[in-house]
Amino acid sequence: MVNLSEIAVVVVAAGRGERAGSPEAGPKQYRSIGAEPIIRHTIRRFAGHPSIGRIVAAIHKDDRALFEDAAGNFFERVMPVLGGATRQESTLLALRALADHPPATVLIHDAVRPFVDSALIDHVISVASQGAGALPALAVTDTLKRTTDSGLVTVDRSMLYAAQTPQGFPFAAIFAAHESAHAAGRADFTDDAAIAEWAGLPVRLVPGSPDNFKLTYPRDLVMADEKLNRGAAAFPDVRTGNGYDVHAFETGDSVMLCGVRIAHHRKLSGHSDADVGLHALTDALLATCGVGDIGTHFPPSDPQWKGAASRLFVEHAVRIVRARGGRIANADVTLICEAPKIGPHRAAMTAELSAMLGITANRISIKATTNERLGFIGREEGIAAIATASVVYPGSLPE
């Protein structure tokens, strides 16, 4: 039975994108603009539209893992199907995936048009829901020339339009048109509106959008990245992570705090050097990109970390942050203890953190406070630390 209320989307994403250059970088729909894969931007536009139901993506047989990674949080929303050797074949296979429970209307969209907006989607849905095909298009503004045996001829552009996607259709009609074209051995159509016209389905123009351009050549990807990064400036991706750690005292003659050894009548107990400040800071840094905590990366059950310098943990977290394009804005560590005194060692601690984090001293704060003789800290049974780190990542906040 047709779901009269549902509007489905087919995202065509099985191409190789050879004109985009740099084949070693992979198919262009999986390359990043604005710090996210192109296809994720595209899917987000439809997944966030209130009228859209199912989304099907036609992907290349070699791209399953690429697609799952690129779809990110939208993966559960999208049904991937294997595409074919041509765009036309890929679209037919995606339509067949919808046919068991057919929607009333289907929109067919190029994965590499990531700037489609809600207004354009609304226009296409409005026309397609009335029984006609909907073709978003822009009037050609450039002067056009055609070569002939006798030379160049200027082409009348008054009736010419550049086609865009999404193209919308009554599902049953466009599915039948695709199946008929396949049965007739016709594989030369360049878009779905052409198949609809061939099958006798009326197609109406709707206003396209200059922003809804197709990413085809290397320069297109550069322009798209610049466009997104300009918008990201208004909503930068600033993340804050917190860390907390505590270690008990045991017999010894010094403690390690924020990378500095301080003479004391006891030391801190731990599998590594038990630097409570650096452990808290490691957790704070890891928290900014959601990659677990210090125990995830350096389990105390692993003998290789026995007695290890905790600066190794911080430097590991810094590498993870930087691998994701993060820039550390500041770090704040509060040590909570009755003794030893922290003030005389603050400058040395700051210098150590500056070297580990790769930031200047004025972006580092090291503070100390007592517990007013209350609890295990007040009884001088151990030391606790709270750390906060702020990191700015590429891209912008999610919409």
# chains A, B, ... in the order shown; residues from 1 in each chain; ligands from 1

$ select_by_dssp --residues "segment 109-183 of chain A" --states "alpha helix (DSSP H)" --output "ChimeraX atom specification"
/A:118-128,171-183

$ residues_around --residues "Val81 of chain A" --least-positions-apart "5" --cutoff "10 Å" --atoms "only C-alpha atoms" --output "PyMOL selection string"
chain A and resi 13-14+56-61+64+90-91+93-97

$ write_last_selection --atoms "C-alpha atoms" --output "compact mmCIF listing (two decimals), in the first residue's frame"
# COMPACT_ATOMS: atom_id res chain seq x y z
CA ALA A 13 26.34 8.60 -4.12
CA ALA A 14 27.85 5.74 -6.11
CA VAL A 56 18.03 5.87 0.79
CA ALA A 57 21.63 6.32 -0.35
CA ALA A 58 22.87 4.53 -3.46
CA ILE A 59 26.55 3.83 -2.78
CA HIS A 60 29.41 2.06 -4.57
CA LYS A 61 30.07 -1.54 -3.59
CA ARG A 64 30.39 0.57 2.67
CA SER A 90 22.02 3.53 -9.19
CA THR A 91 18.80 5.53 -8.99
CA LEU A 93 18.26 0.31 -7.60
CA ALA A 94 17.48 2.84 -4.88
CA LEU A 95 13.89 3.16 -6.10
CA ARG A 96 13.53 -0.62 -6.02
CA ALA A 97 14.62 -0.54 -2.38

$ closest_atom_pairs --of "segment 190-300 of chain A" --to "segment 156-173 of chain A" --cutoff "9 Å" --atoms "only C-alpha atoms" --output "CSV"
residue,atom,partner,partner_atom,distance
A:Asp191,CA,A:Ala163,CA,8.7
A:Asp192,CA,A:Gln167,CA,7.2
A:Ala193,CA,A:Gln167,CA,7.1
A:Ala196,CA,A:Ala173,CA,8.1
A:Ala199,CA,A:Ala173,CA,8.9
A:Leu201,CA,A:Ala173,CA,7.3
A:Val203,CA,A:Phe169,CA,8.6
A:Gly208,CA,A:Gln164,CA,6.8
A:Ser209,CA,A:Gln164,CA,8.5
A:Asn212,CA,A:Gln164,CA,7.5
A:Phe213,CA,A:Gln164,CA,7.8
A:Lys214,CA,A:Gln164,CA,8.1

$ residues_around --residues "Ile386 of chain A" --least-positions-apart "6" --cutoff "12 Å" --atoms "only C-alpha atoms" --output "VMD selection string"
chain A and resid 241 to 246 258 276 to 284 331 to 337 365 to 369

$ closest_residue --among "A:Ile55, A:Val392, A:Ala385, A:Val11" --to "Ile328 of chain A" --atoms "only C-alpha atoms"
A:Val392

$ closest_residue --among "A:Leu312, A:Val78, A:Val127, A:Ala35" --to "Leu397 of chain A" --atoms "only C-alpha atoms"
A:Ala35

$ atom_distance --atom1 "atom CA of Pro202 of chain A" --atom2 "atom CA of Leu107 of chain A"
15.5 Å

$ residues_around --residues "Lys227 of chain A" --least-positions-apart "5" --cutoff "12 Å" --atoms "only C-alpha atoms" --output "PDB file with N, CA and C atoms, in the first residue's frame"
ATOM      1  N   ILE A  33      34.499  19.026   3.665  1.00  0.00           N
ATOM      2  CA  ILE A  33      34.377  20.483   3.581  1.00  0.00           C
ATOM      3  C   ILE A  33      33.824  20.934   4.925  1.00  0.00           C
ATOM      4  N   GLY A  34      34.370  22.009   5.462  1.00  0.00           N
ATOM      5  CA  GLY A  34      33.912  22.425   6.786  1.00  0.00           C
ATOM      6  C   GLY A  34      34.107  21.354   7.828  1.00  0.00           C
ATOM      7  N   ALA A  35      35.184  20.558   7.686  1.00  0.00           N
ATOM      8  CA  ALA A  35      35.581  19.527   8.652  1.00  0.00           C
ATOM      9  C   ALA A  35      34.633  18.333   8.714  1.00  0.00           C
ATOM     10  N   PRO A 114      25.666  19.782  -1.441  1.00  0.00           N
ATOM     11  CA  PRO A 114      25.442  19.832   0.011  1.00  0.00           C
ATOM     12  C   PRO A 114      24.748  21.090   0.508  1.00  0.00           C
ATOM     13  N   PHE A 115      24.456  22.059  -0.403  1.00  0.00           N
ATOM     14  CA  PHE A 115      23.899  23.324   0.056  1.00  0.00           C
ATOM     15  C   PHE A 115      22.422  23.492  -0.291  1.00  0.00           C
ATOM     16  N   ASP A 211      23.033  28.895  -4.649  1.00  0.00           N
ATOM     17  CA  ASP A 211      23.863  28.238  -3.630  1.00  0.00           C
ATOM     18  C   ASP A 211      23.889  26.723  -3.773  1.00  0.00           C
ATOM     19  N   PHE A 213      24.932  24.575  -5.740  1.00  0.00           N
ATOM     20  CA  PHE A 213      25.806  24.165  -6.833  1.00  0.00           C
ATOM     21  C   PHE A 213      26.373  22.768  -6.598  1.00  0.00           C
ATOM     22  N   ASP A 220      35.727  23.663  -6.895  1.00  0.00           N
ATOM     23  CA  ASP A 220      34.408  23.643  -6.246  1.00  0.00           C
ATOM     24  C   ASP A 220      34.526  23.232  -4.783  1.00  0.00           C
ATOM     25  N   LEU A 221      35.378  22.239  -4.522  1.00  0.00           N
ATOM     26  CA  LEU A 221      35.555  21.788  -3.146  1.00  0.00           C
ATOM     27  C   LEU A 221      36.201  22.871  -2.288  1.00  0.00           C
ATOM     28  N   VAL A 222      37.152  23.602  -2.871  1.00  0.00           N
ATOM     29  CA  VAL A 222      37.796  24.696  -2.141  1.00  0.00           C
ATOM     30  C   VAL A 222      36.774  25.783  -1.815  1.00  0.00           C
ATOM     31  N   ALA A 232      31.168  29.186   9.844  1.00  0.00           N
ATOM     32  CA  ALA A 232      31.584  28.620  11.134  1.00  0.00           C
ATOM     33  C   ALA A 232      32.114  29.678  12.080  1.00  0.00           C
ATOM     34  N   ALA A 233      32.582  30.807  11.518  1.00  0.00           N
ATOM     35  CA  ALA A 233      33.150  31.845  12.373  1.00  0.00           C
ATOM     36  C   ALA A 233      32.125  32.375  13.355  1.00  0.00           C
ATOM     37  N   GLY A 395      35.446  23.623  12.129  1.00  0.00           N
ATOM     38  CA  GLY A 395      34.024  23.480  11.892  1.00  0.00           C
ATOM     39  C   GLY A 395      33.218  24.399  12.772  1.00  0.00           C
TER      40      GLY A 395
END

$ atom_distance --atom1 "atom CA of Leu268 of chain A" --atom2 "atom CA of Ala384 of chain A"
10.5 Å

$ closest_atom_pairs --of "segment 213-294 of chain A" --to "segment 370-383 of chain A" --cutoff "6 Å" --atoms "only C-alpha atoms" --output "JSON lines"
{"residue": "A:Val246", "atom": "CA", "partner": "A:Ile383", "partner_atom": "CA", "distance": 5.7}
{"residue": "A:His247", "atom": "CA", "partner": "A:Gly382", "partner_atom": "CA", "distance": 5.5}
{"residue": "A:Ala248", "atom": "CA", "partner": "A:Gly382", "partner_atom": "CA", "distance": 4.0}
{"residue": "A:Phe249", "atom": "CA", "partner": "A:Gly382", "partner_atom": "CA", "distance": 4.9}

$ atom_distance --atom1 "atom CA of Arg346 of chain A" --atom2 "atom CA of Gly259 of chain A"
10.7 Å

$ residues_around --residues "Ala181 of chain A" --least-positions-apart "5" --cutoff "12 Å" --atoms "only C-alpha atoms" --output "PyMOL selection string"
chain A and resi 88-89+92+174-176+186-189+192+194-200

$ residues_around --residues "Met256 of chain A" --least-positions-apart "3" --cutoff "7 Å" --atoms "only C-alpha atoms" --output "list in words"
Gly259, Val260, Arg261, Ile262, Asp273, Ala274 and Asp275 of chain A

$ select_by_dssp --residues "segment 128-169 of chain A" --states "strand (DSSP E)" --output "list in words"
Gly133, Ala134, Leu135, Pro136, Ala137, Leu138, Ala139, Leu144, Lys145, Arg146, Thr147, Thr148, Gly151, Leu152, Val153, Thr154, Val155, Tyr161, Ala162, Ala163, Gln167, Gly168 and Phe169 of chain A

$ write_last_selection --atoms "N, CA and C atoms" --output "compact mmCIF listing (two decimals), in the first residue's frame"
# COMPACT_ATOMS: atom_id res chain seq x y z
N GLY A 133 6.28 16.04 -12.24
CA GLY A 133 7.68 16.08 -11.86
C GLY A 133 8.09 17.51 -11.54
N ALA A 134 9.02 17.68 -10.62
CA ALA A 134 9.49 19.01 -10.24
C ALA A 134 10.98 19.10 -10.51
N LEU A 135 11.37 20.06 -11.34
CA LEU A 135 12.76 20.23 -11.73
C LEU A 135 13.26 21.61 -11.31
N PRO A 136 14.08 21.70 -10.26
CA PRO A 136 14.66 23.00 -9.92
C PRO A 136 15.71 23.39 -10.96
N ALA A 137 15.66 24.62 -11.40
CA ALA A 137 16.56 25.04 -12.48
C ALA A 137 16.82 26.53 -12.39
N LEU A 138 17.95 26.95 -12.94
CA LEU A 138 18.33 28.35 -13.02
C LEU A 138 18.44 28.75 -14.48
N ALA A 139 17.93 29.91 -14.82
CA ALA A 139 18.08 30.41 -16.19
C ALA A 139 19.56 30.62 -16.49
N LEU A 144 26.12 31.75 -24.71
CA LEU A 144 26.47 30.40 -25.14
C LEU A 144 26.86 30.38 -26.62
N LYS A 145 27.86 29.58 -26.94
CA LYS A 145 28.33 29.43 -28.31
C LYS A 145 28.28 27.96 -28.72
N ARG A 146 28.01 27.74 -30.00
CA ARG A 146 28.04 26.40 -30.56
C ARG A 146 28.99 26.41 -31.75
N THR A 147 29.83 25.38 -31.82
CA THR A 147 30.75 25.30 -32.95
C THR A 147 30.08 24.61 -34.13
N THR A 148 30.34 25.12 -35.32
CA THR A 148 29.85 24.52 -36.56
C THR A 148 31.01 24.45 -37.54
N GLY A 151 32.18 27.87 -38.28
CA GLY A 151 32.64 28.74 -37.19
C GLY A 151 31.70 28.71 -36.00
N LEU A 152 31.82 29.73 -35.14
CA LEU A 152 31.00 29.81 -33.94
C LEU A 152 29.64 30.42 -34.23
N VAL A 153 28.63 29.90 -33.54
CA VAL A 153 27.27 30.43 -33.63
C VAL A 153 26.78 30.71 -32.22
N THR A 154 26.25 31.91 -32.02
CA THR A 154 25.70 32.26 -30.71
C THR A 154 24.34 31.58 -30.54
N VAL A 155 24.16 30.97 -29.38
CA VAL A 155 22.93 30.23 -29.09
C VAL A 155 21.96 31.12 -28.33
N TYR A 161 17.90 26.53 -19.46
CA TYR A 161 18.00 26.48 -18.01
C TYR A 161 19.03 25.42 -17.61
N ALA A 162 19.69 25.65 -16.49
CA ALA A 162 20.62 24.68 -15.91
C ALA A 162 19.88 23.89 -14.83
N ALA A 163 19.80 22.58 -15.01
CA ALA A 163 19.04 21.73 -14.11
C ALA A 163 19.80 21.48 -12.81
N GLN A 167 15.26 16.55 -7.70
CA GLN A 167 14.13 16.48 -8.61
C GLN A 167 13.08 15.60 -7.95
N GLY A 168 11.84 16.08 -7.95
CA GLY A 168 10.79 15.36 -7.23
C GLY A 168 9.73 14.81 -8.17
N PHE A 169 9.16 13.65 -7.78
CA PHE A 169 8.19 12.98 -8.64
C PHE A 169 7.21 12.18 -7.78

$ closest_residue --among "A:Gly252, A:Gly292, A:Gly26, A:Gly270" --to "Trp305 of chain A" --atoms "only C-alpha atoms"
A:Gly270

$ residues_around --residues "segment 355-362 of chain A" --least-positions-apart "3" --cutoff "10 Å" --atoms "only C-alpha atoms" --output "list of chain:residue names"
A:Gly259, A:Leu285, A:Arg311, A:Leu312, A:Phe313, A:Val314, A:Glu315, A:His316, A:Ala317, A:Val318, A:Arg319, A:Arg327, A:Ile328, A:Ala329, A:Asn330, A:Ala331, A:Ala347, A:Met349, A:Thr350, A:Ala351, A:Glu352, A:Ser365

$ write_last_selection --atoms "C-alpha atoms" --output "compact mmCIF listing (two decimals), in the first residue's frame"
# COMPACT_ATOMS: atom_id res chain seq x y z
CA GLY A 259 55.36 17.59 36.22
CA LEU A 285 41.81 16.97 27.18
CA ARG A 311 53.68 13.76 31.13
CA LEU A 312 53.53 10.87 28.61
CA PHE A 313 49.78 10.69 29.22
CA VAL A 314 49.27 14.41 28.69
CA GLU A 315 51.39 14.43 25.53
CA HIS A 316 49.40 11.47 24.18
CA ALA A 317 46.14 13.36 24.78
CA VAL A 318 47.59 16.44 23.08
CA ARG A 319 48.46 14.38 19.98
CA ARG A 327 43.80 23.98 19.21
CA ILE A 328 44.19 24.15 22.97
CA ALA A 329 42.94 27.52 24.21
CA ASN A 330 43.70 27.19 27.90
CA ALA A 331 44.20 24.73 30.78
CA ALA A 347 56.10 28.88 37.99
CA MET A 349 54.61 23.73 37.01
CA THR A 350 53.39 26.30 34.52
CA ALA A 351 56.56 25.92 32.47
CA GLU A 352 56.13 22.14 32.42
CA SER A 365 46.33 28.47 35.41
